[in-house]
Amino acid sequence: MKPALSGKLLQTLAPWRNAPAWHIAFSGGLDSTVLLHLLASLANTETLPPLSAVHVHHGLQATADLWPEHCQSVCDTLGVPLRIMRVQVRPGASLERAARDARYQAFAEVIGAGHVLLTGQHRDDQAETLLFRLLRGAGVRGLAAMAVQRPLADGYLVRPLLDVSREALEAYAHAHQLKWIEDPSNADPRFSRNYLRHRVFPVLTERWPQAVSSLARTAEHLSEAQGLLDELARMDLHAADQPSPSPFPWLPLPSLALAPLCELSGARQRNALRHWLNPLTRLPDSDHWAGWDALRDAKGDAQPLWRLADGELHRCGERIWWLPVTWSDFSGDAVSWTCPEKTLALPGNGELEIVGKVPEGPFEVRYRRGGEIVEVPGRGRRDLKRLLNECGLPGFVRGRLPLLYQGEQLLAAPTLAGLWRGPASDWQLHWVPQSCDRGLS
């Protein structure tokens with residue numbers, strides 16, 4: 001049993017043999033105990049990256065307080081360093097999801113650049129995930145279930161046992177006299193996965209003995225189909241997702257040209273947007289996609305928006321922009337500036353500096369209230385709103401444009417990507433929006 005399982009594990013982990021480190025997510029349960037034992041044994045005969053284990057203590061039940069001690073004992077016996085991380089699980093509609101989120105946030109803190117986190121999910125888990133998501137009405141991406149690997153923080157999350165059955169893991173554990181923790185909550189049918197595991201799958205396998213392996217194989221097929229959909233999305237996004245067409249390359253926000261998307265069928269539009277939005281936000285369900293139709297079909301001057309879980313999608317003219325939730329962390333309060341020779345940090349709005357000969361201060365940085373007039377060389381005094389309209393600056397940026405005042409006199413506004421020149425004097429106001437490499441000068 002051990003050589004076959006060890007060989008399969010090594011083959012799966014071959015792409016990550018040169019990683020700086022392997023971290024094992026060690027709950028103390030059957031799956032992670034077998035994975036830890038396998039890797040610790042292989043380390044005696046194979047050249048592997050440095051191994052360590054991570055135990056996340058959720059503190060959700062009294063018996064869990066004994067688990068770190070058990071995990072420490074196992075790791076000491078195997079000679080594997082263990083890091084115990086205690087997390088706070090935020091209450092919510094789904095305790096399972098809240099615990100998972102807290103767990104993976106802890107894992108992300110451990111993962112260094114290029115490091116690999118190894119978890120013990122197996123083929124039975126994959127089948128349960130597929131059926132669970134099918135019952136929730138998931139699309140192809142969701143029904144692809146758990147991927148063998150995906151990015152995590154600056155490294156990777158790898159599930160090397162997805163092709164191994166729970167039965168095989170139990171046989172290995174008994175053959176090597178391993179001891180593991182039985183989490184009492186795993187028997188509670190109030191949790192959806194437990195209900196599937198203990199109530200549904202026994203009935204399925206009684207009628208169809210190969211149900212688990214068949215469902216896991218279906219997840220593989222759907223994963224391949226999702227890969228093809230991702231390829232199609234990248235092709236469809238190519239024309240819309242180029243940096244150069246953006247009229248405001250200094251804005252630190254993802255954006256797309258609308259026209260290339262509108263040339264696609266509705267299904268291809270949604271596929272492309274799912275691919276584009278996936279790293280930015282939790283994707284909407286099928287019913288919520290009506291928000292995209294409204295955004296796309298609105299009149300050009302309407303500036304509609306589509307609210308999603310982690311931000312908003314705005315349409316400004318013929319372009320759509322993604323604004324994360326953090327973009328709203330901006331109060332618009334005035335800021336005093338007594339040392340203009342230094343860069344001024346604007347709360348939630350990047351940085352401001354004066355380039356050239358610094359005029360005498362002190363100054364105050366304010367934001368638009370309407371009716372502002374600025375001096376434009378060669379054009380005289382111009383209405384700021386008209387200038388912003390001329391250059392087509394998106395509406396969600398206009399309220400964040402920092403204006404430099406001395407007393408009640410507006411001295412300068414940052415010029416917008418060269419669309420109008422700044423003051424005729426020998427200094428310029430330079431703004432770098434939050435998380436942006438290039439600013440307005």
# chains A, B, ... in the order shown; residues from 1 in each chain; ligands from 1
>>> residues_around(residues="Val158 in chain A", least_positions_apart="6", cutoff="10 Å", atoms="only C-alpha atoms", output="short mmCIF file (atom, residue, chain, number, x, y, z; two decimals) with C-alpha atoms, in the first residue's frame")
data_model
loop_
_atom_site.label_atom_id
_atom_site.label_comp_id
_atom_site.auth_asym_id
_atom_site.auth_seq_id
_atom_site.Cartn_x
_atom_site.Cartn_y
_atom_site.Cartn_z
CA THR A 12 1.43 14.57 -8.25
CA LEU A 13 3.92 16.79 -6.41
CA TRP A 16 6.66 21.60 -6.90
CA TRP A 22 6.19 22.69 1.73
CA ILE A 24 1.12 20.76 5.45
CA VAL A 116 3.36 25.37 -1.27
CA LEU A 117 0.53 24.59 1.17
CA LEU A 118 -0.52 20.94 0.97
CA THR A 119 -4.01 19.92 2.09
CA GLY A 120 -5.54 16.47 2.52
CA GLN A 121 -8.81 16.64 0.56
CA ALA A 147 -8.68 22.15 -8.32
CA VAL A 148 -5.51 20.17 -7.75
CA GLN A 149 -3.69 23.47 -7.40
CA ARG A 150 -4.45 27.17 -7.25
CA PRO A 151 -2.62 30.34 -6.18
CA LEU A 152 -2.64 31.20 -2.49
#
>>> select_by_dssp(residues="range 67-314 of chain A", states="strand (DSSP E)", output="ChimeraX atom specification")
/A:82-86,116-118,149-152,155-158,255-257,305-308,311-314
>>> atom_distance(atom1="CA of Trp180 in chain A", atom2="CA of Trp67 in chain A")
9.7 Å
>>> residues_around(residues="range 333-343 of chain A", least_positions_apart="3", cutoff="8 Å", atoms="only C-alpha atoms", output="list in words")
Leu346, Glu351, Leu352, Glu353, Ile354, Val358, Gly361, Pro362, Phe363, Glu364, Val365, Arg366 and Tyr367 of chain A
>>> select_by_dssp(residues="range 214-350 of chain A", states="helix (DSSP H, G or I)", output="VMD selection string")
chain A and resid 214 to 237 258 to 262 266 to 277 286 to 297 325 to 328
>>> decode(residues="range 341-404 of chain A", atoms="C-alpha atoms", output="CSV table (one decimal), in the first residue's frame")
chain,number,residue,atom,x,y,z
A,341,GLU,CA,8.4,70.5,0.1
A,342,LYS,CA,7.4,67.0,1.2
A,343,THR,CA,4.9,64.6,-0.2
A,344,LEU,CA,1.4,64.8,1.3
A,345,ALA,CA,-0.4,61.6,2.1
A,346,LEU,CA,-4.1,62.0,1.3
A,347,PRO,CA,-6.3,59.8,3.5
A,348,GLY,CA,-7.7,57.1,1.2
A,349,ASN,CA,-6.6,59.0,-1.9
A,350,GLY,CA,-2.9,58.5,-2.6
A,351,GLU,CA,-0.3,61.2,-2.5
A,352,LEU,CA,0.2,64.8,-3.6
A,353,GLU,CA,3.4,66.8,-4.2
A,354,ILE,CA,4.5,70.0,-5.8
A,355,VAL,CA,7.1,69.5,-8.5
A,356,GLY,CA,9.4,72.5,-9.2
A,357,LYS,CA,9.9,75.7,-7.2
A,358,VAL,CA,7.8,75.3,-4.1
A,359,PRO,CA,5.5,78.4,-3.5
A,360,GLU,CA,5.1,79.8,-0.1
A,361,GLY,CA,2.6,78.1,2.1
A,362,PRO,CA,0.7,77.1,4.2
A,363,PHE,CA,-1.9,75.4,2.0
A,364,GLU,CA,-5.1,73.4,2.3
A,365,VAL,CA,-6.1,70.5,0.0
A,366,ARG,CA,-9.9,70.5,-0.6
A,367,TYR,CA,-12.2,68.6,-2.9
A,368,ARG,CA,-14.8,69.8,-5.4
A,369,ARG,CA,-18.0,71.5,-4.3
A,370,GLY,CA,-18.9,72.9,-7.7
A,371,GLY,CA,-18.2,76.3,-9.4
A,372,GLU,CA,-14.4,76.1,-9.2
A,373,ILE,CA,-12.4,78.1,-11.7
A,374,VAL,CA,-8.8,77.3,-12.7
A,375,GLU,CA,-6.2,79.3,-14.7
A,376,VAL,CA,-5.2,77.5,-17.9
A,377,PRO,CA,-2.2,79.0,-19.9
A,378,GLY,CA,-3.4,80.3,-23.2
A,379,ARG,CA,-7.1,79.8,-22.4
A,380,GLY,CA,-7.5,82.1,-19.4
A,381,ARG,CA,-9.8,81.3,-16.5
A,382,ARG,CA,-11.8,78.1,-17.1
A,383,ASP,CA,-14.6,76.3,-15.4
A,384,LEU,CA,-13.2,73.2,-13.8
A,385,LYS,CA,-16.3,71.2,-14.5
A,386,ARG,CA,-16.1,72.1,-18.2
A,387,LEU,CA,-12.5,71.0,-18.3
A,388,LEU,CA,-13.4,67.6,-16.7
A,389,ASN,CA,-16.2,67.1,-19.2
A,390,GLU,CA,-13.8,67.9,-22.1
A,391,CYS,CA,-11.3,65.2,-21.0
A,392,GLY,CA,-14.0,62.7,-20.1
A,393,LEU,CA,-12.7,62.0,-16.6
A,394,PRO,CA,-14.9,59.3,-15.1
A,395,GLY,CA,-17.4,60.7,-12.6
A,396,PHE,CA,-16.2,58.5,-9.7
A,397,VAL,CA,-12.8,60.2,-9.9
A,398,ARG,CA,-13.9,63.8,-10.1
A,399,GLY,CA,-14.9,64.0,-6.4
A,400,ARG,CA,-11.4,62.7,-5.5
A,401,LEU,CA,-9.4,65.3,-7.5
A,402,PRO,CA,-7.3,67.2,-5.0
A,403,LEU,CA,-7.4,71.0,-5.3
A,404,LEU,CA,-4.7,73.2,-3.8
